[in-house]
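Dropping input_19.cif in here (mmCIF, C-alpha atoms; chains and numbers go by the auth columns):
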```cif
data_structure
loop_
_atom_site.group_PDB
_atom_site.id
_atom_site.type_symbol
_atom_site.label_atom_id
_atom_site.label_comp_id
_atom_site.label_asym_id
_atom_site.label_seq_id
_atom_site.Cartn_x
_atom_site.Cartn_y
_atom_site.Cartn_z
_atom_site.B_iso_or_equiv
_atom_site.auth_seq_id
_atom_site.auth_asym_id
ATOM 1 C CA MET A 1 7.922 -3.468 4.691 0.00 1 A
ATOM 2 C CA ALA A 2 6.623 -0.869 7.075 0.00 2 A
ATOM 3 C CA LYS A 3 7.527 2.800 6.945 0.00 3 A
ATOM 4 C CA TYR A 4 8.803 4.290 10.214 0.00 4 A
ATOM 5 C CA ARG A 5 9.154 8.037 10.797 0.00 5 A
ATOM 6 C CA PHE A 6 11.499 9.593 13.326 0.00 6 A
ATOM 7 C CA ILE A 7 12.460 13.092 14.435 0.00 7 A
ATOM 8 C CA CYS A 8 15.490 14.500 16.208 0.00 8 A
ATOM 9 C CA ASP A 9 14.598 16.542 19.310 0.00 9 A
ATOM 10 C CA LYS A 10 17.727 18.694 18.971 0.00 10 A
ATOM 11 C CA CYS A 11 17.691 19.742 15.319 0.00 11 A
ATOM 12 C CA ASN A 12 14.127 18.751 14.236 0.00 12 A
ATOM 13 C CA SER A 13 15.471 16.685 11.330 0.00 13 A
ATOM 14 C CA GLU A 14 12.979 14.116 10.105 0.00 14 A
ATOM 15 C CA TYR A 15 13.897 10.644 8.936 0.00 15 A
ATOM 16 C CA CYS A 16 11.865 7.940 7.256 0.00 16 A
ATOM 17 C CA PHE A 17 12.983 4.308 7.099 0.00 17 A
ATOM 18 C CA ASN A 18 11.426 1.302 5.370 0.00 18 A
ATOM 19 C CA MET A 19 12.065 -1.854 7.371 0.00 19 A
ATOM 20 C CA SER A 20 10.390 -5.006 8.518 0.00 20 A
ATOM 21 C CA ILE A 21 8.919 -5.250 12.009 0.00 21 A
ATOM 22 C CA GLU A 22 11.755 -7.591 12.948 0.00 22 A
ATOM 23 C CA GLU A 23 14.348 -5.070 11.709 0.00 23 A
ATOM 24 C CA TYR A 24 12.614 -2.288 13.653 0.00 24 A
ATOM 25 C CA ASP A 25 12.587 -4.362 16.854 0.00 25 A
ATOM 26 C CA LYS A 26 16.330 -5.006 16.504 0.00 26 A
ATOM 27 C CA ALA A 27 17.088 -1.335 15.724 0.00 27 A
ATOM 28 C CA LYS A 28 15.087 0.182 18.624 0.00 28 A
ATOM 29 C CA GLY A 29 17.289 2.579 20.580 0.00 29 A
ATOM 30 C CA SER A 30 20.092 2.429 18.038 0.00 30 A
ATOM 31 C CA ILE A 31 18.717 4.841 15.434 0.00 31 A
ATOM 32 C CA PHE A 32 20.550 8.165 15.620 0.00 32 A
ATOM 33 C CA CYS A 33 20.455 11.565 13.915 0.00 33 A
ATOM 34 C CA GLU A 34 23.145 11.960 11.248 0.00 34 A
ATOM 35 C CA LYS A 35 23.742 15.622 12.198 0.00 35 A
ATOM 36 C CA ASP A 36 24.232 15.500 15.964 0.00 36 A
ATOM 37 C CA ASN A 37 24.291 11.770 16.794 0.00 37 A
ATOM 38 C CA ASN A 38 21.204 12.219 18.989 0.00 38 A
ATOM 39 C CA SER A 39 18.818 9.313 19.511 0.00 39 A
ATOM 40 C CA LEU A 40 15.723 9.728 17.320 0.00 40 A
ATOM 41 C CA LYS A 41 12.155 9.762 18.620 0.00 41 A
ATOM 42 C CA ARG A 42 9.527 7.835 16.675 0.00 42 A
ATOM 43 C CA VAL A 43 6.725 9.906 15.142 0.00 43 A
ATOM 44 C CA TYR A 44 3.272 8.362 14.882 0.00 44 A
ATOM 45 C CA GLY A 45 0.778 9.716 12.415 0.00 45 A
ATOM 46 C CA ASN A 46 -1.249 8.856 9.356 0.00 46 A
ATOM 47 C CA PHE A 47 -0.397 5.647 7.623 0.00 47 A
ATOM 48 C CA ALA A 48 -1.166 3.964 4.356 0.00 48 A
ATOM 49 C CA LEU A 49 -1.529 0.334 3.584 0.00 49 A
ATOM 50 C CA LYS A 50 -0.930 -1.208 0.226 0.00 50 A
ATOM 51 C CA VAL A 51 -2.322 -4.642 -0.361 0.00 51 A
ATOM 52 C CA ALA A 52 -0.835 -6.358 -3.353 0.00 52 A
ATOM 53 C CA LYS A 53 -2.464 -9.162 -5.264 0.00 53 A
ATOM 54 C CA THR A 54 -0.642 -11.900 -7.063 0.00 54 A
ATOM 55 C CA SER A 55 -0.978 -12.151 -10.825 0.00 55 A
ATOM 56 C CA ILE A 56 -3.117 -15.267 -10.319 0.00 56 A
ATOM 57 C CA GLU A 57 -5.525 -13.352 -8.042 0.00 57 A
ATOM 58 C CA ILE A 58 -5.714 -10.502 -10.566 0.00 58 A
ATOM 59 C CA ALA A 59 -6.449 -12.963 -13.386 0.00 59 A
ATOM 60 C CA GLU A 60 -9.200 -14.592 -11.290 0.00 60 A
ATOM 61 C CA ASP A 61 -10.769 -11.186 -10.582 0.00 61 A
ATOM 62 C CA ILE A 62 -10.727 -10.378 -14.316 0.00 62 A
ATOM 63 C CA LYS A 63 -12.357 -13.716 -15.162 0.00 63 A
ATOM 64 C CA LYS A 64 -15.104 -13.137 -12.568 0.00 64 A
ATOM 65 C CA GLU A 65 -15.787 -9.651 -13.920 0.00 65 A
ATOM 66 C CA LYS A 66 -15.835 -10.973 -17.499 0.00 66 A
ATOM 67 C CA ASN A 67 -18.350 -13.666 -16.539 0.00 67 A
ATOM 68 C CA LYS A 68 -20.621 -11.093 -14.853 0.00 68 A
ATOM 69 C CA ILE A 69 -20.587 -8.947 -17.990 0.00 69 A
ATOM 70 C CA LEU A 70 -21.301 -11.960 -20.239 0.00 70 A
ATOM 71 C CA GLU A 71 -24.231 -13.024 -18.061 0.00 71 A
ATOM 72 C CA LYS A 72 -25.706 -9.517 -18.249 0.00 72 A
ATOM 73 C CA ALA A 73 -25.323 -9.483 -22.024 0.00 73 A
ATOM 74 C CA LYS A 74 -26.873 -12.970 -22.351 0.00 74 A
ATOM 75 C CA SER A 75 -29.837 -11.886 -20.234 0.00 75 A
ATOM 76 C CA GLY A 76 -30.545 -9.054 -22.673 0.00 76 A
ATOM 77 C CA ASP A 77 -29.313 -6.102 -20.593 0.00 77 A
ATOM 78 C CA MET A 78 -29.269 -3.433 -23.332 0.00 78 A
ATOM 79 C CA SER A 79 -26.981 -1.123 -21.391 0.00 79 A
ATOM 80 C CA THR A 80 -24.319 -3.830 -21.176 0.00 80 A
ATOM 81 C CA ILE A 81 -24.800 -4.840 -24.815 0.00 81 A
ATOM 82 C CA LEU A 82 -24.384 -1.242 -25.940 0.00 82 A
ATOM 83 C CA ASP A 83 -21.278 -0.898 -23.743 0.00 83 A
ATOM 84 C CA ILE A 84 -19.763 -3.952 -25.450 0.00 84 A
ATOM 85 C CA TYR A 85 -20.816 -3.392 -29.074 0.00 85 A
ATOM 86 C CA GLY A 86 -21.493 0.327 -29.181 0.00 86 A
ATOM 87 C CA GLU A 87 -24.554 1.963 -30.658 0.00 87 A
#
```
Could you spell out this file's structure in C-alpha coordinates?
Amino acid sequence: MAKYRFICDKCNSEYCFNMSIEEYDKAKGSIFCEKDNNSLKRVYGNFALKVAKTSIEIAEDIKKEKNKILEKAKSGDMSTILDIYGE
(Lines of atoms letter the chains of each structure in order from A and count residues from 1; the text may use other names and numbers.)
(Lines give C-alpha, C1' and ligand atoms only; values in the text may rest on other atoms or scores of the structure.)
Protein backbone atom coordinates (compact mmCIF):
# COMPACT_ATOMS: atom_id res chain seq x y z
CA MET A 1 0.00 0.00 0.00
CA ALA A 2 1.23 3.44 -0.89
CA LYS A 3 0.76 6.51 1.26
CA TYR A 4 -0.79 9.52 -0.49
CA ARG A 5 -0.81 13.02 1.01
CA PHE A 6 -3.30 15.72 0.11
CA ILE A 7 -4.02 19.29 1.14
CA CYS A 8 -7.10 21.48 0.92
CA ASP A 9 -6.44 24.83 -0.79
CA LYS A 10 -9.23 26.54 1.15
CA CYS A 11 -8.57 25.52 4.75
CA ASN A 12 -5.02 24.04 4.52
CA SER A 13 -6.16 20.78 6.13
CA GLU A 14 -3.81 17.90 5.40
CA TYR A 15 -4.93 14.35 4.76
CA CYS A 16 -2.99 11.13 4.41
CA PHE A 17 -4.47 7.98 2.88
CA ASN A 18 -3.02 4.48 2.51
CA MET A 19 -4.28 2.86 -0.68
CA SER A 20 -3.14 0.75 -3.56
CA ILE A 21 -2.21 2.35 -6.88
CA GLU A 22 -5.39 0.91 -8.37
CA GLU A 23 -7.49 2.45 -5.57
CA TYR A 24 -5.75 5.80 -6.08
CA ASP A 25 -6.40 5.72 -9.84
CA LYS A 26 -10.11 5.06 -9.21
CA ALA A 27 -10.34 7.79 -6.53
CA LYS A 28 -8.61 10.56 -8.54
CA GLY A 29 -10.79 13.67 -8.56
CA SER A 30 -13.21 12.27 -6.01
CA ILE A 31 -11.22 12.92 -2.83
CA PHE A 32 -12.69 15.88 -0.95
CA CYS A 33 -11.98 17.88 2.21
CA GLU A 34 -14.21 16.86 5.13
CA LYS A 35 -14.53 20.49 6.32
CA ASP A 36 -15.56 22.37 3.19
CA ASN A 37 -16.14 19.64 0.58
CA ASN A 38 -13.36 21.11 -1.57
CA SER A 39 -11.41 18.87 -3.93
CA LEU A 40 -8.01 18.01 -2.43
CA LYS A 41 -4.68 18.65 -4.13
CA ARG A 42 -2.03 15.94 -3.96
CA VAL A 43 1.17 16.84 -2.10
CA TYR A 44 4.44 15.33 -3.29
CA GLY A 45 7.39 15.13 -0.97
CA ASN A 46 9.72 12.76 0.80
CA PHE A 47 8.77 9.13 0.75
CA ALA A 48 9.80 5.97 2.49
CA LEU A 49 9.87 2.47 1.21
CA LYS A 50 9.59 -0.60 3.34
CA VAL A 51 10.66 -3.85 1.82
CA ALA A 52 9.43 -6.86 3.71
CA LYS A 53 11.00 -10.28 3.58
CA THR A 54 9.16 -13.52 4.01
CA SER A 55 9.99 -15.71 6.98
CA ILE A 56 11.68 -18.14 4.57
CA GLU A 57 13.94 -15.36 3.22
CA ILE A 58 14.80 -14.27 6.77
CA ALA A 59 15.65 -17.85 7.74
CA GLU A 60 17.88 -18.19 4.65
CA ASP A 61 19.70 -14.95 5.53
CA ILE A 62 20.27 -16.23 9.09
CA LYS A 63 21.63 -19.54 7.79
CA LYS A 64 24.03 -17.74 5.42
CA GLU A 65 25.27 -15.50 8.23
CA LYS A 66 25.68 -18.51 10.54
CA ASN A 67 27.72 -20.34 7.91
CA LYS A 68 30.00 -17.31 7.41
CA ILE A 69 30.65 -17.13 11.16
CA LEU A 70 31.34 -20.89 11.37
CA GLU A 71 33.80 -20.71 8.47
CA LYS A 72 35.66 -17.85 10.17
CA ALA A 73 35.82 -19.80 13.43
CA LYS A 74 37.01 -22.97 11.63
CA SER A 75 39.74 -20.99 9.89
CA GLY A 76 41.09 -19.88 13.26
CA ASP A 77 39.91 -16.25 13.26
CA MET A 78 40.55 -15.42 16.93
CA SER A 79 38.27 -12.39 16.90
CA THR A 80 35.33 -14.53 15.80
CA ILE A 81 36.20 -17.31 18.25
CA LEU A 82 36.35 -14.83 21.12
CA ASP A 83 33.02 -13.32 20.00
CA ILE A 84 31.43 -16.79 20.13
CA TYR A 85 33.04 -18.24 23.27
CA GLY A 86 34.13 -15.14 25.16
CA GLU A 87 37.53 -14.59 26.69
- prompt: Pick the closest to Met19 of chain A from A:Lys72, A:Lys64, A:Lys35, A:Lys3: which is it, counting all atoms listed in the file?
  reply: A:Lys3
- prompt: Which residue, A:Ile69, A:Ala2, A:Tyr85, A:Glu34, has the smallest gap to Lys50 of chain A when you use all atoms listed in the file?
  reply: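 So, comparing all the options, the nearest one is A:Ala2.
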message: Given all atoms listed in the file as the basis, pick out the residue of A:Asp83, A:Glu23, A:Asp61, A:Asp9 nearest to Asp36 of chain A.
response: A:Asp9
Selection near Tyr4 of chain A, 9 Å with only C-alpha atoms, sequence-local residues under 3 positions removed, as a list in words: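 Residues meeting the cut-off are Tyr15, Cys16, Phe17, Asn18, Met19, Tyr24, Arg42, Val43 and Tyr44 of chain A.
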task: Could you tell me how far atom CA of Ser55 of chain A lies from atom CA of Ala73 of chain A, in Å and to one decimal?
output: 26.9 Å
message: Just to confirm, what's the straight-line distance from atom CA of Ser75 of chain A to atom CA of Glu60 of chain A in Å (one decimal)?
response: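 According to the coordinates, atom CA of Ser75 of chain A and atom CA of Glu60 of chain A are separated by 22.7 Å.
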